[in-house]
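Quick look at upload-v6.cif (mmCIF, C-alpha atoms and all ligand atoms):
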```cif
data_protein
#
loop_
_atom_site.label_atom_id
_atom_site.label_comp_id
_atom_site.auth_asym_id
_atom_site.auth_seq_id
_atom_site.Cartn_x
_atom_site.Cartn_y
_atom_site.Cartn_z
CA GLN A 1 158.72 -45.41 211.99
CA LYS A 2 161.88 -43.80 210.74
CA ASN A 3 160.72 -42.96 207.25
CA ARG A 4 157.50 -41.19 208.10
CA PRO A 5 157.42 -37.62 206.81
CA GLN A 6 159.37 -35.68 209.37
CA ASN A 7 158.16 -32.45 210.83
CA GLN A 8 161.38 -30.56 211.22
CA SER A 9 161.79 -27.27 213.02
CA VAL A 10 159.18 -24.74 211.96
CA PRO A 11 160.80 -21.98 209.88
CA SER A 12 160.45 -18.26 210.51
CA ARG A 13 157.03 -16.86 211.41
CA GLY A 14 154.55 -16.32 208.63
CA GLN A 15 155.65 -19.36 206.64
CA ASN A 16 153.40 -22.36 206.36
CA PRO A 17 154.78 -24.89 208.84
CA ASP A 18 153.84 -27.65 206.38
CA SER A 19 156.56 -26.40 204.02
CA SER A 20 159.05 -28.08 206.34
CA LEU A 21 157.58 -31.54 205.67
CA SER A 22 159.91 -33.72 203.66
CA LEU A 23 160.57 -37.32 202.72
CA SER A 24 163.98 -39.00 202.64
CA THR A 25 165.13 -41.17 199.71
CA ARG A 26 167.90 -42.86 201.75
CA ARG A 27 167.99 -46.57 200.86
CA GLU A 28 168.43 -47.86 204.41
CA LEU A 29 165.00 -46.49 205.36
CA TYR A 30 163.25 -48.73 202.85
CA GLU A 31 164.91 -52.10 203.47
CA ARG A 32 161.94 -53.97 204.87
CA ASP A 33 159.58 -56.67 203.63
CA PHE A 34 158.38 -56.36 200.06
CA PRO A 35 155.04 -54.51 200.11
CA VAL A 36 151.84 -55.93 198.66
CA TYR A 37 151.83 -55.31 194.92
CA LYS A 38 148.78 -56.85 193.30
CA GLN A 39 149.11 -58.47 189.89
CA PRO A 40 148.39 -55.58 187.49
CA VAL A 41 145.19 -56.06 185.48
CA GLU A 42 144.76 -54.49 182.06
CA VAL A 43 141.50 -52.54 182.11
CA GLY A 44 141.88 -51.07 178.64
CA CYS A 45 144.25 -49.63 176.09
CA PHE A 46 144.47 -46.76 173.66
CA SER A 47 146.39 -45.74 170.57
CA LEU A 48 147.96 -42.55 169.26
CA ASP A 49 148.21 -42.35 165.49
CA SER A 50 150.81 -40.78 163.17
CA GLU A 51 149.35 -37.34 163.95
CA ARG A 52 149.15 -38.04 167.68
CA ARG A 53 145.36 -38.40 167.61
CA PHE A 54 143.78 -40.46 170.41
CA PHE A 55 141.79 -43.65 169.77
CA ASN A 56 140.13 -45.68 172.48
CA ASP A 57 141.34 -48.98 170.99
CA GLY A 58 144.40 -51.08 170.19
CA ARG A 59 144.91 -50.15 166.55
CA GLN A 60 148.61 -49.35 167.09
CA MET A 61 149.40 -52.71 168.70
CA ARG A 62 152.36 -54.48 167.07
CA TYR A 63 153.56 -58.10 167.00
CA TYR A 64 157.04 -59.29 167.86
CA VAL A 65 158.87 -61.16 165.09
CA GLU A 66 161.94 -63.00 166.37
CA PRO A 67 165.01 -62.00 164.33
CA ASP A 68 167.84 -64.26 163.08
CA ARG A 69 170.53 -65.26 165.54
CA SER A 70 172.98 -62.61 164.26
CA PRO A 71 170.69 -59.89 163.03
CA ASN A 72 173.14 -57.14 161.93
CA PHE A 73 170.42 -54.47 162.10
CA ASP A 74 171.74 -51.07 161.07
CA LEU A 75 170.04 -48.72 163.55
CA ARG A 76 171.27 -45.59 161.70
CA ASP A 77 169.36 -46.47 158.54
CA GLY A 78 166.61 -43.96 157.73
CA TYR A 79 167.55 -41.35 160.34
CA LYS A 80 168.12 -38.67 157.70
CA ASP A 81 165.37 -39.49 155.21
CA ARG A 82 162.63 -41.73 156.72
CA PHE A 83 162.09 -40.33 160.22
CA ILE A 84 159.18 -38.23 161.50
CA LYS A 85 159.92 -37.15 165.07
CA ARG A 86 157.22 -36.36 167.61
CA ASP A 87 157.27 -32.70 168.63
CA ASP A 88 158.46 -33.00 172.23
CA SER A 89 157.91 -29.30 172.90
CA VAL A 90 154.20 -30.16 173.10
CA LYS A 91 153.60 -31.07 176.75
CA GLU A 92 150.73 -33.55 176.80
CA LYS A 93 150.68 -34.01 180.56
CA LEU A 94 148.00 -36.55 181.52
CA ASP A 95 145.67 -35.62 178.64
CA HIS A 96 145.61 -38.97 176.81
CA MET A 97 144.96 -40.86 180.04
CA LEU A 98 142.20 -38.42 180.97
CA ARG A 99 140.59 -38.97 177.57
CA TRP A 100 140.75 -42.70 178.22
CA ILE A 101 139.16 -42.25 181.67
CA LEU A 102 136.25 -40.25 180.26
CA ALA A 103 135.65 -42.87 177.56
CA ASN A 104 135.74 -45.72 180.09
CA ARG A 105 134.26 -44.27 183.25
CA SER A 106 131.64 -46.98 183.54
CA LYS A 107 134.40 -49.64 183.65
CA LEU A 108 136.03 -48.02 186.65
CA SER A 109 133.91 -49.37 189.48
CA ALA A 110 132.24 -46.70 191.57
CA ARG A 111 132.64 -46.63 195.33
CA GLY A 112 129.75 -48.08 197.40
CA THR A 113 126.80 -45.84 198.16
CA THR A 114 128.50 -43.09 200.14
CA ALA A 115 130.41 -41.42 197.32
CA SER A 116 128.84 -39.99 194.21
CA SER A 117 128.72 -42.54 191.39
CA CYS A 118 130.98 -40.38 189.20
CA ASP A 119 133.93 -40.64 191.61
CA LEU A 120 136.59 -43.13 190.52
CA ASP A 121 137.41 -46.01 192.83
CA ILE A 122 141.09 -45.08 192.55
CA ASP A 123 143.62 -43.23 194.70
CA PHE A 124 146.22 -42.33 192.04
CA VAL A 125 146.14 -41.70 188.30
CA THR A 126 149.47 -41.24 186.50
CA TRP A 127 151.83 -42.40 183.75
CA ARG A 128 153.86 -45.55 184.33
CA GLY A 129 156.98 -43.51 183.48
CA HIS A 130 156.39 -41.26 186.50
CA LEU A 131 156.15 -44.28 188.81
CA THR A 132 159.38 -45.66 187.30
CA LYS A 133 161.12 -42.47 188.44
CA LEU A 134 159.78 -42.99 191.96
CA LEU A 135 160.93 -46.63 192.06
CA THR A 136 164.46 -45.72 191.02
CA ALA A 137 164.86 -42.53 193.11
CA PRO A 138 166.71 -44.20 196.04
CA TYR A 139 169.44 -45.18 193.54
CA GLU A 140 169.40 -42.17 191.23
CA THR A 141 172.47 -39.95 191.50
CA ARG A 142 172.11 -37.75 188.41
CA GLU A 143 168.59 -36.59 187.56
CA GLY A 144 166.03 -35.07 189.89
CA TRP A 145 162.32 -34.63 189.14
CA GLN A 146 159.29 -32.53 189.84
CA LEU A 147 155.85 -34.08 190.12
CA ALA A 148 152.68 -31.99 190.16
CA VAL A 149 149.80 -33.47 192.20
CA THR A 150 146.16 -32.41 192.19
CA ARG A 151 143.41 -33.93 194.32
CA PHE A 152 140.12 -33.98 192.43
CA ARG A 153 136.98 -35.82 193.55
CA GLY A 154 139.01 -37.96 195.92
CA THR A 155 141.57 -39.10 193.32
CA LEU A 156 145.16 -37.86 193.24
CA TYR A 157 146.46 -37.09 189.75
CA ILE A 158 150.25 -37.02 189.29
CA SER A 159 151.86 -35.33 186.27
CA GLU A 160 155.52 -34.57 185.71
CA VAL A 161 156.87 -31.05 185.32
CA GLU A 162 160.09 -30.73 183.32
CA THR A 163 162.97 -29.55 185.53
CA GLU A 164 165.25 -26.68 184.49
CA ALA A 165 168.15 -29.13 184.23
CA ALA A 166 166.18 -31.47 181.95
CA ARG A 167 165.22 -28.56 179.70
CA ARG A 168 168.85 -27.46 179.46
CA ASP A 169 170.01 -31.01 178.68
CA GLN A 170 167.38 -31.27 175.96
CA GLU A 171 168.55 -28.00 174.38
CA ASN A 172 172.22 -28.98 174.52
CA ARG A 173 171.90 -32.47 173.04
CA THR A 174 174.65 -33.28 170.57
CA GLU A 175 173.84 -34.44 167.05
CA ARG A 176 175.25 -37.87 168.02
CA HIS A 177 172.92 -38.07 171.05
CA GLU A 178 169.93 -36.94 168.92
CA GLU A 179 170.69 -39.75 166.48
CA MET A 180 171.17 -42.32 169.23
CA MET A 181 167.69 -41.58 170.54
CA TYR A 182 166.42 -42.77 167.15
CA TRP A 183 168.20 -46.12 167.49
CA GLY A 184 165.74 -47.53 170.01
CA TYR A 185 162.79 -46.78 167.75
CA LYS A 186 164.63 -48.22 164.74
CA PHE A 187 165.20 -51.47 166.63
CA GLU A 188 161.42 -51.67 167.17
CA GLN A 189 160.88 -51.24 163.43
CA TYR A 190 163.24 -54.17 162.68
CA THR A 191 161.46 -56.49 165.12
CA CYS A 192 157.75 -55.56 165.00
CA ALA A 193 155.01 -56.22 162.45
CA ASP A 194 151.70 -54.36 162.24
CA THR A 195 149.64 -57.54 161.87
CA VAL A 196 149.78 -60.95 163.52
CA HIS A 197 150.99 -62.73 160.37
CA GLY A 198 152.94 -59.78 158.97
CA GLN A 199 156.66 -59.07 158.70
CA PRO A 200 158.59 -56.01 159.93
CA ASP A 201 159.10 -53.25 157.36
CA PRO A 202 162.48 -51.61 158.06
CA GLY A 203 162.24 -49.76 154.73
CA GLY A 204 159.17 -47.80 155.83
CA VAL A 205 158.92 -44.35 157.41
CA LEU A 206 159.43 -44.30 161.17
CA ASN A 207 157.00 -41.99 162.97
CA THR A 208 157.41 -41.60 166.74
CA ASN A 209 153.97 -40.03 167.14
CA GLU A 210 152.49 -43.51 166.92
CA ALA A 211 151.99 -45.33 170.21
CA PHE A 212 150.06 -48.17 171.80
CA CYS A 213 149.41 -47.77 175.53
CA THR A 214 148.05 -50.22 178.06
CA VAL A 215 145.98 -49.01 181.01
CA VAL A 216 146.39 -51.12 184.13
CA GLN A 217 144.88 -51.16 187.57
CA THR A 218 146.68 -52.49 190.61
CA ARG A 219 147.34 -51.87 194.29
CA LEU A 220 150.60 -51.02 196.08
CA ALA A 221 150.13 -51.47 199.84
CA ASP A 222 146.91 -49.47 200.47
CA HIS A 223 147.21 -47.36 197.31
CA ARG A 224 144.82 -48.15 194.45
CA LEU A 225 146.60 -47.20 191.23
CA LEU A 226 145.49 -46.60 187.67
CA PHE A 227 148.29 -45.91 185.22
CA SER A 228 149.15 -46.18 181.57
CA GLY A 229 152.35 -47.13 179.84
CA GLU A 230 153.50 -47.39 176.25
CA VAL A 231 153.89 -51.01 175.13
CA ASP A 232 156.23 -51.88 172.26
CA CYS A 233 154.65 -55.12 171.06
CA ARG A 234 153.06 -58.43 172.00
CA ASP A 235 153.78 -62.11 171.53
CA LYS A 236 152.02 -63.09 168.28
CA ASP A 237 151.31 -66.67 169.43
CA PRO A 238 147.50 -66.95 169.73
CA ASN A 239 148.07 -69.16 172.81
CA ALA A 240 150.12 -66.51 174.60
CA PRO A 241 148.67 -65.43 177.97
CA ALA A 242 146.30 -62.47 178.20
CA ALA A 243 147.63 -58.91 178.46
CA PRO A 244 149.75 -57.65 180.11
CA ALA A 245 151.55 -61.04 180.29
CA CYS A 246 151.85 -61.28 176.49
CA TYR A 247 153.59 -57.92 176.17
CA ILE A 248 157.27 -57.50 175.30
CA GLU A 249 159.45 -54.48 176.07
CA LEU A 250 162.19 -53.78 173.50
CA LYS A 251 165.47 -52.14 174.44
CA THR A 252 168.81 -51.37 172.89
CA SER A 253 172.03 -51.09 174.82
CA ALA A 254 175.75 -50.78 174.12
CA GLU A 255 177.42 -54.16 173.72
CA ILE A 256 179.18 -55.39 176.84
CA CYS A 257 182.92 -56.01 176.37
CA THR A 258 184.47 -55.63 179.84
CA PRO A 259 183.60 -56.74 183.42
CA LYS A 260 183.22 -53.07 184.33
CA GLN A 261 180.64 -52.59 181.55
CA ARG A 262 178.77 -55.69 182.70
CA SER A 263 178.69 -54.42 186.27
CA ASN A 264 177.40 -51.00 185.19
CA PHE A 265 174.77 -52.65 183.03
CA HIS A 266 173.55 -54.67 186.02
CA ARG A 267 173.69 -51.80 188.48
CA PHE A 268 172.13 -49.02 186.42
CA LYS A 269 170.44 -50.21 183.25
CA LEU A 270 168.77 -53.35 184.61
CA LEU A 271 167.32 -51.29 187.47
CA LYS A 272 165.52 -49.03 184.98
CA TRP A 273 164.44 -51.93 182.81
CA TRP A 274 163.16 -53.90 185.79
CA ALA A 275 161.23 -50.97 187.32
CA GLN A 276 159.57 -49.96 184.05
CA SER A 277 158.30 -53.44 183.15
CA PHE A 278 157.60 -54.76 186.65
CA LEU A 279 155.08 -51.95 187.26
CA PRO A 280 152.60 -52.93 184.49
CA GLY A 281 153.36 -56.66 184.71
CA VAL A 282 155.22 -56.93 181.40
CA PRO A 283 157.13 -60.20 181.85
CA ARG A 284 160.10 -59.80 179.50
CA VAL A 285 162.52 -57.41 177.89
CA VAL A 286 164.13 -58.27 174.54
CA ALA A 287 167.43 -56.43 174.24
CA GLY A 288 169.47 -55.67 171.16
CA PHE A 289 173.14 -55.02 171.96
CA ARG A 290 174.71 -52.63 169.46
CA ASP A 291 178.22 -51.52 168.66
CA GLU A 292 179.50 -47.93 168.44
CA GLU A 293 178.31 -47.70 164.81
CA GLY A 294 174.73 -48.58 165.75
CA VAL A 295 174.78 -52.14 164.43
CA VAL A 296 172.96 -54.74 166.56
CA VAL A 297 175.47 -57.52 167.18
CA ALA A 298 173.60 -59.65 169.76
CA MET A 299 170.13 -60.23 171.15
CA GLU A 300 169.14 -61.38 174.62
CA THR A 301 165.83 -61.93 176.41
CA PHE A 302 165.59 -60.86 180.07
CA PRO A 303 162.64 -62.29 182.00
CA ILE A 304 161.69 -59.59 184.55
CA SER A 305 161.27 -62.21 187.29
CA LYS A 306 164.92 -63.27 186.86
CA ILE A 307 166.52 -59.83 186.89
CA SER A 308 166.67 -59.52 190.67
CA HIS A 309 168.59 -62.85 190.83
CA LEU A 310 170.95 -61.80 188.04
CA ILE A 311 172.09 -58.76 190.02
CA LYS A 312 172.59 -60.44 193.39
CA ASN A 313 176.31 -60.97 192.73
CA GLU A 314 176.90 -57.24 192.26
CA HIS A 315 178.45 -55.49 195.21
CA ASN A 316 176.20 -52.81 196.73
CA CYS A 317 173.45 -53.41 194.20
CA TRP A 318 169.87 -52.15 194.03
CA LYS A 319 167.01 -54.00 195.70
CA PRO A 320 163.44 -54.26 194.39
CA THR A 321 162.04 -53.99 197.94
CA VAL A 322 163.72 -50.59 198.46
CA CYS A 323 162.21 -49.33 195.19
CA MET A 324 158.69 -50.49 196.03
CA ASN A 325 158.76 -49.37 199.68
CA PHE A 326 160.00 -45.92 198.72
CA CYS A 327 157.22 -45.61 196.12
CA SER A 328 154.63 -46.74 198.66
CA ASP A 329 155.87 -44.25 201.28
CA PHE A 330 155.99 -41.49 198.68
CA LEU A 331 152.33 -42.13 197.82
CA SER A 332 151.43 -42.10 201.54
CA PHE A 333 153.30 -38.80 201.85
CA VAL A 334 151.30 -37.39 198.91
CA LYS A 335 148.00 -38.49 200.46
CA HIS A 336 149.04 -36.81 203.70
CA ILE A 337 150.02 -33.43 202.24
CA ALA A 338 147.67 -33.04 199.23
CA THR A 339 144.52 -32.52 201.27
CA GLU A 340 142.59 -29.83 199.42
CA ASP A 341 140.26 -31.34 196.81
CA ASN A 342 140.42 -28.70 194.10
CA PRO A 343 141.35 -29.00 190.40
CA SER A 344 143.10 -25.62 190.45
CA VAL A 345 145.44 -26.48 193.33
CA VAL A 346 148.79 -28.14 192.59
CA TYR A 347 151.12 -29.64 195.16
CA LEU A 348 154.54 -29.60 193.53
CA LEU A 349 156.87 -32.31 194.85
CA SER A 350 160.52 -31.69 194.03
CA TRP A 351 163.50 -33.92 194.39
CA GLU A 352 167.21 -33.64 193.66
CA PRO A 353 169.68 -36.50 194.23
CA ARG A 354 171.17 -36.54 197.74
CA ARG A 355 168.30 -34.37 199.00
CA ASP A 356 164.89 -35.05 200.57
CA VAL A 357 161.64 -34.72 198.64
CA THR A 358 160.08 -31.34 199.43
CA PHE A 359 156.91 -29.65 198.27
CA SER A 360 155.22 -26.31 197.62
CA VAL A 361 151.56 -25.42 197.03
CA HIS A 362 150.30 -23.46 194.00
CA ARG A 363 146.83 -22.08 193.37
CA ASP A 364 145.57 -21.09 189.87
CA SER A 365 149.16 -21.29 188.65
CA PRO A 366 150.77 -22.42 185.38
CA TYR A 367 151.35 -25.78 187.13
CA CYS A 368 147.61 -26.57 186.90
CA PHE A 369 147.27 -29.57 184.61
CA LEU A 370 143.72 -30.94 184.79
CA PRO A 371 142.07 -29.52 181.65
CA HIS A 372 138.66 -27.85 181.79
CA TRP A 373 137.11 -30.45 179.50
CA PHE A 374 138.02 -33.14 182.03
CA VAL A 375 136.94 -31.23 185.14
CA GLU A 376 133.62 -30.27 183.57
CA GLU A 377 132.76 -33.71 182.28
CA MET A 378 133.67 -35.32 185.63
CA THR A 379 131.60 -32.79 187.54
CA SER A 380 128.48 -32.96 185.39
O1 LIG B 401 156.76 -37.45 180.89
C1 LIG B 401 156.27 -38.40 180.31
N1 LIG B 401 156.78 -39.64 180.42
C2 LIG B 401 155.08 -38.19 179.48
C3 LIG B 401 154.68 -39.20 178.72
C4 LIG B 401 154.39 -36.93 179.51
C5 LIG B 401 153.25 -36.87 178.64
C6 LIG B 401 152.91 -37.92 177.87
N2 LIG B 401 153.60 -39.08 177.91
C7 LIG B 401 153.21 -40.23 177.20
C8 LIG B 401 152.91 -40.36 175.80
O2 LIG B 401 151.57 -40.40 175.52
C9 LIG B 401 153.60 -41.71 175.44
O3 LIG B 401 152.86 -42.38 174.51
O4 LIG B 401 154.29 -41.09 177.26
C10 LIG B 401 153.78 -42.26 176.75
C11 LIG B 401 154.70 -43.29 177.28
O5 LIG B 401 154.50 -43.20 178.66
P1 LIG B 401 155.21 -44.18 179.68
O6 LIG B 401 155.14 -45.56 179.14
O7 LIG B 401 154.67 -43.85 180.99
O8 LIG B 401 156.71 -43.62 179.56
P2 LIG B 401 158.07 -44.39 179.81
O9 LIG B 401 157.92 -45.65 180.54
O10 LIG B 401 158.99 -43.36 180.34
O11 LIG B 401 158.56 -44.68 178.34
C12 LIG B 401 158.05 -45.74 177.56
C13 LIG B 401 158.33 -45.45 176.11
C14 LIG B 401 159.78 -45.13 175.83
O12 LIG B 401 160.43 -46.31 175.47
P3 LIG B 401 161.83 -46.72 176.16
O13 LIG B 401 162.06 -48.15 175.72
O14 LIG B 401 162.84 -45.77 175.64
O15 LIG B 401 161.65 -46.64 177.65
O16 LIG B 401 157.58 -44.33 175.68
C15 LIG B 401 158.39 -43.49 174.87
C16 LIG B 401 159.73 -44.14 174.69
O17 LIG B 401 159.71 -44.82 173.46
N3 LIG B 401 158.37 -42.21 175.58
C17 LIG B 401 157.61 -41.19 175.24
N4 LIG B 401 156.77 -41.03 174.24
C18 LIG B 401 156.14 -39.86 174.16
N5 LIG B 401 156.30 -38.85 175.02
C19 LIG B 401 157.84 -40.17 176.18
C20 LIG B 401 157.16 -38.95 176.03
N6 LIG B 401 157.33 -37.92 176.85
N7 LIG B 401 158.74 -40.61 177.07
C21 LIG B 401 159.04 -41.85 176.69
CA CA B 402 161.18 -49.78 174.51
#
```

Whole structure, structure tokens version:
Amino acid sequence: QKNRPQNQSVPSRGQNPDSSLSLSTRRELYERDFPVYKQPVEVGCFSLDSERRFFNDGRQMRYYVEPDRSPNFDLRDGYKDRFIKRDDSVKEKLDHMLRWILANRSKLSARGTTASSCDLDIDFVTWRGHLTKLLTAPYETREGWQLAVTRFRGTLYISEVETEAARRDQENRTERHEEMMYWGYKFEQYTCADTVHGQPDPGGVLNTNEAFCTVVQTRLADHRLLFSGEVDCRDKDPNAPAAPACYIELKTSAEICTPKQRSNFHRFKLLKWWAQSFLPGVPRVVAGFRDEEGVVVAMETFPISKISHLIKNEHNCWKPTVCMNFCSDFLSFVKHIATEDNPSVVYLLSWEPRRDVTFSVHRDSPYCFLPHWFVEEMTS
């Protein structure tokens, strides 16, 4: 097989020969049949409140309220005076997911009789957002990533490490860009109610600490996955299907005025939207198209199952099968290299566009991310 990790020439003596292992992201290597991807099942959820405190329940769930045909939402409203921004210098790593795992260990079926009953019946634990980056890597030309992996009691935990470039970009954001990041959250406030019969409250304070996250279990090829993703809202119809099929992802995007803009939207934005929602089985994205002044001028619903047809007319466009096969091969690669079962060992997988994925191994380093409270409770 062409896309197996390749053992290239062994570097100079004294270096670990494994450091030459790498994985290609070239699209052609992943154009084969779509891999098995089991229907994701929601096994739980959790909420983060206005102070970012964890609750093992759905108290932050919101309900989608369909707006008027021409909504005219002003996404800039409240940015200066009714906005509490989450402190993104606090790196939470997998902590919220780990809290959820400890609170729900009994739900996560234990392996037969051979393994200890406290081992999870899962190969990978991570955030949905990290998997989205894997799915889109074969098409990504701008931003690389670094993923820290630790094998602990048979399960591989994957947590992102901020790259130098990402940290620089964050520091150099313009005031306009800072404000535009608020627009997406403001759109949620215009379209979501806190209760099933309630109405949105665009006059209220917007606090980005608050979050509702679903936890889903699924399988990609022979990889059993457990991951969590933030969900914007759900269909308020009591007859809507069970989660995650009742969930709705909200997005804003610049209005499309030219064929070039439409093509870019299909080729770049729909790839990200598809990957993010396909993973947890969220069936639709509701998009608000806004003008340069941040006013929503049109709304459109994109069923995830129709996105891959929508893009077929684009020349040289992305393919779902390439995304899923790359992700599957990446996870196989991780299983192959991350062999030592030890909470203080991190395998750091690094990728830059137009390069192969490479890795390095770190012991008792600042990359360690499984907290003591998790390791101790899982071991006892
Ligand atoms: O690196 C990350 N993605 C981390 C995420 C590191 C540590 C924690 N988190 C967690 C938070 O607990 C948050 O509640 O991110 C959760 C969301 O995780 P996800 O669903 O896996 O992330 P992703 O799919 O990238 O983003 C979903 C939404 C975003 O909405 P849009 O429509 O813009 O894609 O989560 C928000 C954002 O609103 N979001 C975040 N919220 C908190 N921390 C973060 C973040 N680092 N990134 C995106
Ligand atoms: Ca969203």

Six-sided padding of 5 Å per side, axis-aligned box over segment 301-311 of chain A, centre and edges in Å, one decimal, as JSON:
```
{"center_x": 166.7, "center_y": -61.0, "center_z": 183.6, "size_x": 20.8, "size_y": 14.5, "size_z": 24.4}
```

Closest pair table for chain A residues within 7 Å of ligand CA 402 (chain B), all atoms listed in the file, as a Markdown table:
```
| residue | atom | partner | partner_atom | distance |
| --- | --- | --- | --- | --- |
| A:Gly184 | CA | B:CA402 | CA | 6.8 |
| A:Asp232 | CA | B:CA402 | CA | 5.8 |
| A:Glu249 | CA | B:CA402 | CA | 5.2 |
| A:Leu250 | CA | B:CA402 | CA | 4.2 |
| A:Lys251 | CA | B:CA402 | CA | 4.9 |
```

Practice item. Identify which of the residues A:Leu23, A:Leu108, A:Val90, A:Leu310 lies closest to ligand LIG 401 (chain B), counting only C-alpha atoms and all ligand atoms when measuring atom-to-atom distances. Key: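 Among A:Leu23, A:Leu108, A:Val90, A:Leu310, it is A:Val90 that comes nearest to ligand LIG 401 (chain B).
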
If you count only C-alpha atoms and all ligand atoms, which residues end up within 9 Å of ligand LIG 401 (chain B), as a VMD selection string?
chain A and resid 47 to 48 52 86 to 88 90 to 97 126 to 133 159 to 162 181 184 to 185 208 to 214 227 to 232 249 to 252 272 to 273 276 to 277

Considering all atoms listed in the file, state which residue in the set A:Arg262, A:Ala298, A:Pro343, A:Ala338 is at the smallest distance from Glu376 of chain A.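 Ranking A:Arg262, A:Ala298, A:Pro343, A:Ala338 by distance to Glu376 of chain A, first place goes to A:Pro343.
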
re atom CA of Leu271 of chain A and atom CA of Tyr139 of chain A: distance 8.9 Å

Of A:Arg219, A:Arg153, A:Arg290, A:Arg27, the one nearest to Val41 of chain A when counting all atoms listed in the file is A:Arg219

Return the single residue from A:Glu28, A:Asp81, A:Asp33, A:Glu340 that is closest to Val205 of chain A, with distances computed using all atoms listed in the file.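 Answer, going by the shortest atom-to-atom distance: A:Asp81.
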
Atom CA of Val285 of chain A to atom CA of His177 of chain A measures 23.0 Å

Point out the residue among A:Met299, A:Phe34, A:Leu206, A:Arg267 with the least atom-to-atom distance to Asn313 of chain A, counting only C-alpha atoms.
->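 Looking at the shortest contact to Asn313 of chain A, the residue is A:Arg267.
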
Need the shell around Asp237 of chain A: protein/DNA/RNA residues with any atom at most 12 Å away, counting all atoms listed in the file. Skip same-chain ones fewer than 5 positions apart. Format as a count of residues only?
10

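Of the residues listed (A:Phe55, A:Trp318, A:Phe326, A:Phe73), A:Trp318 shows the shortest atom-to-atom separation from His266 of chain A; distances use all atoms listed in the file.
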
### Message
Which residues are close to Glu42 of chain A, i.e. within 10 Å by all atoms listed in the file, leaving aside same-chain residues fewer than 5 positions away? Reply as a list in words.
### Response
Thr214, Val215, Val216, Gln217, Thr218, Leu226, Phe227, Ser228, Ala242, Ala243, Pro244, Ala245, Pro280 and Gly281 of chain A

Here atom CA of Phe369 of chain A and atom CA of Cys327 of chain A stand apart by 22.1 Å
